[in-house]
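Scroll down for the structure; my scribbles are underneath it.
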Amino acid sequence: MFIEKIRKIIGAFLLVSLLALGFYSPLKEFVTIPKNITLFEGQKFALPTSLPVSVVKSQSNGIFTSVQENNTLSVNAIESGEGDMILEMAGIPIKKVDVNVLSDFRVIPGGQSIGVKLNSLGVLVVGHHEIETSEGKKSPGEIAGIEVGDIIKEINGTKIEKMSDVTPFVQQAGKTGEPLNLLVARENKEYKTKLVPLKDKNDHAYRIGLYIRDSAAGIGTMTFYHPNTKKYGALGHVISDMDTKKPIVVEDGQIVRSTVTSIHKGSNGEPGEKLARFSSDKEIIGNITRNSPFGIFGKLTKQVQNGIMDSPIQIALSHQVKEGPAKILTVVENDKVEEFDVEIVSSVPQKFPATKGLVVKITDKRLLDKTGGIVQGMSGSPIIQDGKLIGAVTHVFVNDPTSGYGVHIEWMLNEAGINIYEQDKQKAS
């Protein structure tokens with residue numbers, strides 16, 4: 001232990017000495033080498049360094065190998081496990097890198113246009129309206145303290161699942177004069193309130209003075225599915241109600257195949273849009289169990305194919321993504337998935353789940369001519385770099401439709417309930 005401390009002190013002294021002698025540039029490269037590297041079996045990771053270093057694996061030989069050539073130290077993942085890589089110079093340890101090799105993991109990329117139908121948990125309040133009563137205009141819902149964006153989950157102790165569930169309670173309350181006992185959800189909290197329906201003097205019907213909605217529909221793009229579990233991820237961003245702008249709390253939902261009928265081309269200040277329709281058979285191909293900031297998730301019930309990449313491919317973690325050329329898979333005509341060129345402008349290595357980890361620019365002339373860049377409905381289009389799935393397109397820059405944000409694939413997998421870091425534990429058990 002004492003000798004190891006002395007070696008580290010000498011190593012630190014050597015670094016300072018080299019800096020003093022003007023070796024700033026190569027040392028800067030060397031110092032920025034990460035302390036932790038995570039790879040999948042069969043993957044490589046290049047560490048740029050202009051210094052003549054040697055590598056000593058202090059633990060778990062066989063997990064990885066390393067080769068230095070052309071000012072690059074390549075780490076090759078061999079089998080799952082954890083080990084230390086000690087970088088030495090002139091026999092003196094300069095830096096220790098923890099290498100974690102995960103079991104080989106693959107998913108099938110998407111690109112298909114899908115139709116999405118979400119059913120909210122209860123009925124969503126999207127607005128107030130005033131009723132013409134004998135005493136003037138009033139909104140019972142507003143009087144009861146109900147706000148736009150609230151979700152009515154129960155009435156008189158009975159679970160509310162759709163709009164038609166509400167009407168019988170309203171009419172019964174009108175006849176008896178008894179108030180409705182509501183259980184309302186607002187921003188992850190629940191509260192109870194009483195609402196007294198009022199009679200509209202024009203049609204003599206009792207009303208609650210609220211506009212409500214129980215479902216939402218739209219289109220998006222499939223990002224991936226896991227061939228073993230059939231779990232999938234799509235869109236790459238949350239679905240919000242178009243009126244309240246708040247995320248829809250999902251009770252359940254379905255996805256179906258969809259066909260792109262036309263493209264409204266984007267321009268500066270005006271995002272474009274894919275116009276699509278649900279396939280005529282409206283066959284359900286999967287359910288929706290989660291609507292999160294990273295997309296929608298569930299399980300497929302039918303086999304889906306994109307016709308380009310229908311075999312499982314590896315994924316890349318956020319620290320493995322690099323700036324430069326990549327591809328996206330998406331549909332711009334009918335239901336044909338095509339491959340288009342893009343450029344990764346920037347990528348932020350993320351240790352914790354976060355959106356907008358990538359900036360993507362469309363470079364494919366044919367796609368630019370067709371769409372003007374990233375358009376609504378393209379969200380979820382898988383991004384492929386060096387044959388690996390790295391993420392999904394999520395948002396367009398309003399003032400530059402050729403560019404937009406993307407989300408790293410590891411966070412979508414996490415939201416889908418697929419823990420890539422647990423694969424080794426499952427393998428061991």
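Every chain in the structure tokens has a letter given in the order shown (A, B, ...), and although residue numbers restart at 1 in each chain, ligands are simply numbered from 1 in the order shown.
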Write out as a ChimeraX atom specification the residues lying within 8 Å of A:Ser347, counting only C-alpha atoms and excluding same-chain residues fewer than 4 positions away.
/A:318,321-323,357-359
Got time to write the residues from that selection, N, CA and C atoms, as an mmCIF file, in the first residue's frame?
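Okay, out_10.cif is ready:
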data_model
loop_
_atom_site.group_PDB
_atom_site.id
_atom_site.type_symbol
_atom_site.label_atom_id
_atom_site.label_comp_id
_atom_site.auth_asym_id
_atom_site.auth_seq_id
_atom_site.Cartn_x
_atom_site.Cartn_y
_atom_site.Cartn_z
ATOM 1 N N SER A 318 -24.269 6.874 -24.053
ATOM 2 C CA SER A 318 -24.090 8.292 -24.357
ATOM 3 C C SER A 318 -22.619 8.675 -24.506
ATOM 4 N N VAL A 321 -21.143 7.926 -28.102
ATOM 5 C CA VAL A 321 -21.617 8.655 -29.282
ATOM 6 C C VAL A 321 -20.607 9.746 -29.617
ATOM 7 N N LYS A 322 -20.307 9.916 -30.890
ATOM 8 C CA LYS A 322 -19.338 10.933 -31.302
ATOM 9 C C LYS A 322 -19.955 11.855 -32.349
ATOM 10 N N GLU A 323 -19.381 13.024 -32.460
ATOM 11 C CA GLU A 323 -19.813 13.961 -33.484
ATOM 12 C C GLU A 323 -19.444 13.420 -34.860
ATOM 13 N N GLY A 357 -30.099 15.129 -25.152
ATOM 14 C CA GLY A 357 -28.678 14.830 -25.037
ATOM 15 C C GLY A 357 -27.927 14.949 -26.347
ATOM 16 N N LEU A 358 -28.668 15.030 -27.460
ATOM 17 C CA LEU A 358 -28.059 15.089 -28.785
ATOM 18 C C LEU A 358 -28.573 16.296 -29.560
ATOM 19 N N VAL A 359 -27.721 16.857 -30.411
ATOM 20 C CA VAL A 359 -28.164 17.817 -31.419
ATOM 21 C C VAL A 359 -27.902 17.186 -32.778
#
Hey, what's within 12 Å of A:Asn414 if we count only C-alpha atoms and toss same-chain stuff fewer than 2 positions away? As a PDB file with N, CA and C atoms, in the first residue's frame, please?
ATOM      1  N   LYS A 231     -40.901  -5.544 -25.591  1.00  0.00           N
ATOM      2  CA  LYS A 231     -41.067  -4.168 -25.118  1.00  0.00           C
ATOM      3  C   LYS A 231     -40.556  -3.208 -26.193  1.00  0.00           C
ATOM      4  N   TYR A 232     -41.261  -2.065 -26.344  1.00  0.00           N
ATOM      5  CA  TYR A 232     -40.883  -1.107 -27.384  1.00  0.00           C
ATOM      6  C   TYR A 232     -40.824   0.304 -26.794  1.00  0.00           C
ATOM      7  N   GLY A 233     -40.215   1.201 -27.559  1.00  0.00           N
ATOM      8  CA  GLY A 233     -40.207   2.619 -27.233  1.00  0.00           C
ATOM      9  C   GLY A 233     -40.466   3.415 -28.498  1.00  0.00           C
ATOM     10  N   ARG A 290     -47.078   3.518 -20.632  1.00  0.00           N
ATOM     11  CA  ARG A 290     -46.342   4.629 -20.031  1.00  0.00           C
ATOM     12  C   ARG A 290     -46.198   5.778 -21.016  1.00  0.00           C
ATOM     13  N   SER A 292     -44.029   9.182 -20.884  1.00  0.00           N
ATOM     14  CA  SER A 292     -43.035   9.861 -20.053  1.00  0.00           C
ATOM     15  C   SER A 292     -42.283  10.905 -20.878  1.00  0.00           C
ATOM     16  N   PRO A 293     -41.414  11.703 -20.237  1.00  0.00           N
ATOM     17  CA  PRO A 293     -40.617  12.676 -20.998  1.00  0.00           C
ATOM     18  C   PRO A 293     -39.730  12.042 -22.053  1.00  0.00           C
ATOM     19  N   PHE A 294     -39.549  10.703 -22.002  1.00  0.00           N
ATOM     20  CA  PHE A 294     -38.681  10.021 -22.954  1.00  0.00           C
ATOM     21  C   PHE A 294     -39.468   9.277 -24.025  1.00  0.00           C
ATOM     22  N   GLY A 295     -40.806   9.410 -24.037  1.00  0.00           N
ATOM     23  CA  GLY A 295     -41.597   8.780 -25.082  1.00  0.00           C
ATOM     24  C   GLY A 295     -42.729   7.941 -24.528  1.00  0.00           C
ATOM     25  N   ILE A 296     -43.316   7.141 -25.401  1.00  0.00           N
ATOM     26  CA  ILE A 296     -44.363   6.206 -24.989  1.00  0.00           C
ATOM     27  C   ILE A 296     -43.794   4.798 -25.039  1.00  0.00           C
ATOM     28  N   PHE A 297     -44.307   3.941 -24.147  1.00  0.00           N
ATOM     29  CA  PHE A 297     -43.736   2.611 -23.992  1.00  0.00           C
ATOM     30  C   PHE A 297     -44.835   1.593 -23.719  1.00  0.00           C
ATOM     31  N   PHE A 352     -27.008  10.412 -15.801  1.00  0.00           N
ATOM     32  CA  PHE A 352     -28.356  10.245 -15.279  1.00  0.00           C
ATOM     33  C   PHE A 352     -29.365  10.569 -16.379  1.00  0.00           C
ATOM     34  N   PRO A 353     -30.577   9.989 -16.313  1.00  0.00           N
ATOM     35  CA  PRO A 353     -31.577  10.211 -17.359  1.00  0.00           C
ATOM     36  C   PRO A 353     -31.861  11.690 -17.595  1.00  0.00           C
ATOM     37  N   ALA A 354     -31.769  12.108 -18.838  1.00  0.00           N
ATOM     38  CA  ALA A 354     -32.042  13.490 -19.217  1.00  0.00           C
ATOM     39  C   ALA A 354     -32.394  13.527 -20.696  1.00  0.00           C
ATOM     40  N   HIS A 408     -30.778  10.156 -25.936  1.00  0.00           N
ATOM     41  CA  HIS A 408     -29.935   8.965 -25.948  1.00  0.00           C
ATOM     42  C   HIS A 408     -30.771   7.710 -25.715  1.00  0.00           C
ATOM     43  N   ILE A 409     -30.410   6.636 -26.398  1.00  0.00           N
ATOM     44  CA  ILE A 409     -31.219   5.419 -26.372  1.00  0.00           C
ATOM     45  C   ILE A 409     -31.246   4.762 -24.999  1.00  0.00           C
ATOM     46  N   GLU A 410     -30.188   4.903 -24.207  1.00  0.00           N
ATOM     47  CA  GLU A 410     -30.164   4.211 -22.910  1.00  0.00           C
ATOM     48  C   GLU A 410     -31.289   4.681 -21.997  1.00  0.00           C
ATOM     49  N   TRP A 411     -31.710   5.954 -22.132  1.00  0.00           N
ATOM     50  CA  TRP A 411     -32.784   6.456 -21.266  1.00  0.00           C
ATOM     51  C   TRP A 411     -34.142   5.960 -21.739  1.00  0.00           C
ATOM     52  N   MET A 412     -34.310   5.781 -23.045  1.00  0.00           N
ATOM     53  CA  MET A 412     -35.556   5.202 -23.547  1.00  0.00           C
ATOM     54  C   MET A 412     -35.672   3.742 -23.121  1.00  0.00           C
ATOM     55  N   ALA A 416     -38.541   1.966 -20.776  1.00  0.00           N
ATOM     56  CA  ALA A 416     -39.285   0.797 -21.270  1.00  0.00           C
ATOM     57  C   ALA A 416     -39.237  -0.360 -20.285  1.00  0.00           C
ATOM     58  N   GLY A 417     -38.467  -0.195 -19.206  1.00  0.00           N
ATOM     59  CA  GLY A 417     -38.348  -1.268 -18.218  1.00  0.00           C
ATOM     60  C   GLY A 417     -37.274  -2.273 -18.576  1.00  0.00           C
ATOM     61  N   ILE A 418     -36.311  -1.852 -19.412  1.00  0.00           N
ATOM     62  CA  ILE A 418     -35.201  -2.721 -19.802  1.00  0.00           C
ATOM     63  C   ILE A 418     -33.936  -2.166 -19.172  1.00  0.00           C
ATOM     64  N   ASN A 419     -33.420  -2.854 -18.173  1.00  0.00           N
ATOM     65  CA  ASN A 419     -32.227  -2.400 -17.474  1.00  0.00           C
ATOM     66  C   ASN A 419     -31.005  -3.095 -18.061  1.00  0.00           C
ATOM     67  N   ILE A 420     -30.291  -2.376 -18.923  1.00  0.00           N
ATOM     68  CA  ILE A 420     -29.148  -2.986 -19.609  1.00  0.00           C
ATOM     69  C   ILE A 420     -28.026  -3.321 -18.631  1.00  0.00           C
ATOM     70  N   TYR A 421     -28.006  -2.664 -17.474  1.00  0.00           N
ATOM     71  CA  TYR A 421     -26.947  -2.911 -16.492  1.00  0.00           C
ATOM     72  C   TYR A 421     -27.223  -4.143 -15.643  1.00  0.00           C
ATOM     73  N   GLU A 422     -28.447  -4.679 -15.765  1.00  0.00           N
ATOM     74  CA  GLU A 422     -28.799  -5.864 -14.990  1.00  0.00           C
ATOM     75  C   GLU A 422     -28.603  -7.151 -15.785  1.00  0.00           C
TER      76      GLU A 422
END
Which is closest to A:Ile160 among A:Gly122, A:Gly380, A:Gly391, A:Gly373, if we use only C-alpha atoms?
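With only C-alpha atoms as the atom set, the closest residue is A:Gly122.
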Residues near stretch 325-329 of chain A, anyone? I mean within 6 Å using only C-alpha atoms, not counting same-chain ones fewer than 5 positions away, as a PDB file with N, CA and C atoms, in the first residue's frame.
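Output (part37.pdb):
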ATOM      1  N   GLY A 111     -38.531   2.924 -36.997  1.00  0.00           N
ATOM      2  CA  GLY A 111     -38.644   3.794 -38.155  1.00  0.00           C
ATOM      3  C   GLY A 111     -40.045   3.818 -38.739  1.00  0.00           C
ATOM      4  N   GLU A 338     -37.343   4.444 -44.770  1.00  0.00           N
ATOM      5  CA  GLU A 338     -36.145   4.721 -45.546  1.00  0.00           C
ATOM      6  C   GLU A 338     -35.028   5.226 -44.641  1.00  0.00           C
ATOM      7  N   GLU A 339     -33.808   5.156 -45.160  1.00  0.00           N
ATOM      8  CA  GLU A 339     -32.620   5.578 -44.429  1.00  0.00           C
ATOM      9  C   GLU A 339     -32.150   6.915 -44.988  1.00  0.00           C
ATOM     10  N   PHE A 340     -31.867   7.879 -44.089  1.00  0.00           N
ATOM     11  CA  PHE A 340     -31.437   9.211 -44.513  1.00  0.00           C
ATOM     12  C   PHE A 340     -30.196   9.639 -43.726  1.00  0.00           C
ATOM     13  N   ASP A 341     -29.360  10.466 -44.372  1.00  0.00           N
ATOM     14  CA  ASP A 341     -28.117  10.931 -43.750  1.00  0.00           C
ATOM     15  C   ASP A 341     -28.377  12.097 -42.799  1.00  0.00           C
ATOM     16  N   VAL A 342     -27.734  12.050 -41.641  1.00  0.00           N
ATOM     17  CA  VAL A 342     -27.763  13.154 -40.679  1.00  0.00           C
ATOM     18  C   VAL A 342     -26.353  13.328 -40.121  1.00  0.00           C
ATOM     19  N   GLU A 343     -26.175  14.390 -39.352  1.00  0.00           N
ATOM     20  CA  GLU A 343     -24.902  14.624 -38.676  1.00  0.00           C
ATOM     21  C   GLU A 343     -25.166  14.853 -37.193  1.00  0.00           C
ATOM     22  N   SER A 381     -37.866   8.788 -34.585  1.00  0.00           N
ATOM     23  CA  SER A 381     -37.058   8.170 -35.654  1.00  0.00           C
ATOM     24  C   SER A 381     -35.713   7.744 -35.083  1.00  0.00           C
ATOM     25  N   PRO A 382     -35.366   6.448 -35.201  1.00  0.00           N
ATOM     26  CA  PRO A 382     -34.110   5.963 -34.624  1.00  0.00           C
ATOM     27  C   PRO A 382     -32.892   6.550 -35.319  1.00  0.00           C
ATOM     28  N   ILE A 383     -31.857   6.839 -34.519  1.00  0.00           N
ATOM     29  CA  ILE A 383     -30.590   7.360 -35.037  1.00  0.00           C
ATOM     30  C   ILE A 383     -29.552   6.241 -34.952  1.00  0.00           C
ATOM     31  N   ILE A 384     -28.911   5.941 -36.074  1.00  0.00           N
ATOM     32  CA  ILE A 384     -27.927   4.859 -36.153  1.00  0.00           C
ATOM     33  C   ILE A 384     -26.561   5.458 -36.460  1.00  0.00           C
ATOM     34  N   GLN A 385     -25.549   5.072 -35.677  1.00  0.00           N
ATOM     35  CA  GLN A 385     -24.180   5.511 -35.940  1.00  0.00           C
ATOM     36  C   GLN A 385     -23.242   4.309 -35.828  1.00  0.00           C
TER      37      GLN A 385
END
Just want the 8 Å neighbourhood of A:Asn334, counted on only C-alpha atoms, with same-chain residues fewer than 5 positions away dropped. Output as a list in words.
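Residues meeting the cut-off are Thr259, Val260 and Thr261 of chain A.
Comparing the minimum interatomic distances between A:Leu198 and each of A:Gly218, A:Gly149, A:Pro227, A:Pro140, counting only C-alpha atoms, we find that A:Pro140 sits nearest.
Atom CA of A:Ala217 is positioned 23.0 Å from atom CA of A:Asn188.
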Determine the nearest neighbour of A:Asp200 from the options A:Lys175, A:Lys370, A:Lys138, A:Lys159, counting only C-alpha atoms.
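Going through A:Lys175, A:Lys370, A:Lys138, A:Lys159 one by one, the smallest distance to A:Asp200 is for A:Lys138.
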One-decimal distance in Å that lies between atom CA of A:Ile362 and atom CA of A:Lys274
16.0 Å
Residues within 12 Å of A:Thr133, only C-alpha atoms, excluding chain neighbours under 4 positions, as a CSV table (one decimal) with N, CA and C atoms, in the first residue's frame:
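As written to disk, result_26.csv reads:
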chain,number,residue,atom,x,y,z
A,137,LYS,N,-75.1,33.8,-15.6
A,137,LYS,CA,-74.2,32.8,-16.1
A,137,LYS,C,-73.2,32.4,-15.0
A,138,LYS,N,-73.1,31.0,-14.9
A,138,LYS,CA,-72.3,30.4,-13.9
A,138,LYS,C,-71.6,29.2,-14.4
A,139,SER,N,-70.5,28.8,-13.8
A,139,SER,CA,-69.8,27.6,-14.1
A,139,SER,C,-69.6,26.8,-12.9
A,140,PRO,N,-70.5,25.7,-12.7
A,140,PRO,CA,-70.4,24.9,-11.5
A,140,PRO,C,-69.0,24.3,-11.2
A,197,PRO,N,-74.4,20.4,-10.0
A,197,PRO,CA,-74.8,20.7,-11.4
A,197,PRO,C,-75.9,21.8,-11.4
A,198,LEU,N,-75.9,22.6,-12.4
A,198,LEU,CA,-76.9,23.7,-12.6
A,198,LEU,C,-77.7,23.4,-13.9
A,199,LYS,N,-79.0,23.8,-13.9
A,199,LYS,CA,-79.9,23.6,-15.0
A,199,LYS,C,-79.7,24.8,-16.0
A,200,ASP,N,-79.5,24.4,-17.3
A,200,ASP,CA,-79.4,25.4,-18.4
A,200,ASP,C,-80.8,25.8,-18.7
A,201,LYS,N,-81.1,27.1,-18.6
A,201,LYS,CA,-82.5,27.5,-18.9
A,201,LYS,C,-83.0,27.4,-20.3
A,202,ASN,N,-82.0,27.2,-21.2
A,202,ASN,CA,-82.3,27.1,-22.6
A,202,ASN,C,-82.8,25.7,-23.0
A,203,ASP,N,-82.1,24.6,-22.5
A,203,ASP,CA,-82.5,23.3,-22.9
A,203,ASP,C,-82.9,22.5,-21.7
A,204,HIS,N,-82.9,23.1,-20.5
A,204,HIS,CA,-83.4,22.5,-19.3
A,204,HIS,C,-82.6,21.2,-18.9
A,205,ALA,N,-81.4,21.1,-19.3
A,205,ALA,CA,-80.5,20.0,-19.0
A,205,ALA,C,-79.5,20.5,-17.9
A,206,TYR,N,-79.2,19.5,-17.0
A,206,TYR,CA,-78.2,19.9,-15.9
A,206,TYR,C,-76.8,19.7,-16.5
A,207,ARG,N,-75.9,20.7,-16.1
A,207,ARG,CA,-74.6,20.7,-16.6
A,207,ARG,C,-73.6,21.0,-15.5
A,209,GLY,N,-70.5,22.6,-16.3
A,209,GLY,CA,-69.7,23.7,-16.7
A,209,GLY,C,-68.2,23.4,-16.9
With DSSP run on the backbone, what are the strand (DSSP E) residues within stretch 208-375 of chain A? I'd like them as a VMD selection string.
chain A and resid 210 to 225 231 to 234 250 to 264 272 to 278 284 to 287 290 to 292 295 to 299 313 to 314 324 to 333 336 to 347 358 to 362 375
Counting only C-alpha atoms, figure out which residue out of A:Thr65, A:Ile152, A:Ala144, A:Gly372 gets nearest to A:Gly269.
A:Gly372
Long-range neighbours of A:Glu79 as a compact mmCIF listing (two decimals) with N, CA and C atoms, in the first residue's frame, 8 Å cut-off, only C-alpha atoms, 4 positions minimum in chain:
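Full text of result36.txt as output:
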# COMPACT_ATOMS: atom_id res chain seq x y z
N GLU A 41 -20.00 -6.32 -24.64
CA GLU A 41 -19.13 -7.34 -25.20
C GLU A 41 -19.00 -7.15 -26.71
N GLY A 42 -17.78 -7.20 -27.20
CA GLY A 42 -17.54 -7.05 -28.63
C GLY A 42 -17.33 -5.62 -29.09
N GLY A 62 -8.73 -10.65 -19.03
CA GLY A 62 -9.61 -11.33 -19.97
C GLY A 62 -10.91 -10.58 -20.22
N ILE A 63 -11.27 -9.62 -19.34
CA ILE A 63 -12.48 -8.84 -19.55
C ILE A 63 -12.31 -7.92 -20.74
N PHE A 64 -11.09 -7.36 -20.89
CA PHE A 64 -10.81 -6.48 -22.01
C PHE A 64 -9.34 -6.61 -22.38
N VAL A 101 -17.54 -4.08 -18.46
CA VAL A 101 -18.01 -4.71 -19.71
C VAL A 101 -19.35 -5.39 -19.44
N LEU A 102 -20.39 -4.95 -20.16
CA LEU A 102 -21.74 -5.49 -20.01
C LEU A 102 -21.98 -6.61 -21.01
N SER A 103 -22.90 -7.48 -20.68
CA SER A 103 -23.27 -8.56 -21.61
C SER A 103 -23.79 -7.97 -22.91
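Our summary of the geometry notes that atom CA of A:Leu300 is positioned 8.7 Å from atom CA of A:Ile255.
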So which residues touch A:Leu210 within 9 Å, counting only C-alpha atoms, skipping near sequence neighbours fewer than 5 positions away, as an NGL selection string?
:A and (125-130 or 139-142 or 146 or 148)
Point out the residue among A:Asp98, A:Glu69, A:Asp150, A:Asp310 with the least atom-to-atom distance to A:Ile86, counting only C-alpha atoms.
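Counting only C-alpha atoms, the residue closest to A:Ile86 is A:Asp98.
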Counting only C-alpha atoms, which of A:Thr394, A:Thr229, A:Gln320, A:Gln314 gets nearest to A:Leu47?
A:Gln320
List every residue of stretch 178-379 of chain A that DSSP, applied to the backbone of this structure, places in alpha helix (DSSP H), and write the result as a PyMOL selection string.
chain A and resi 365-371
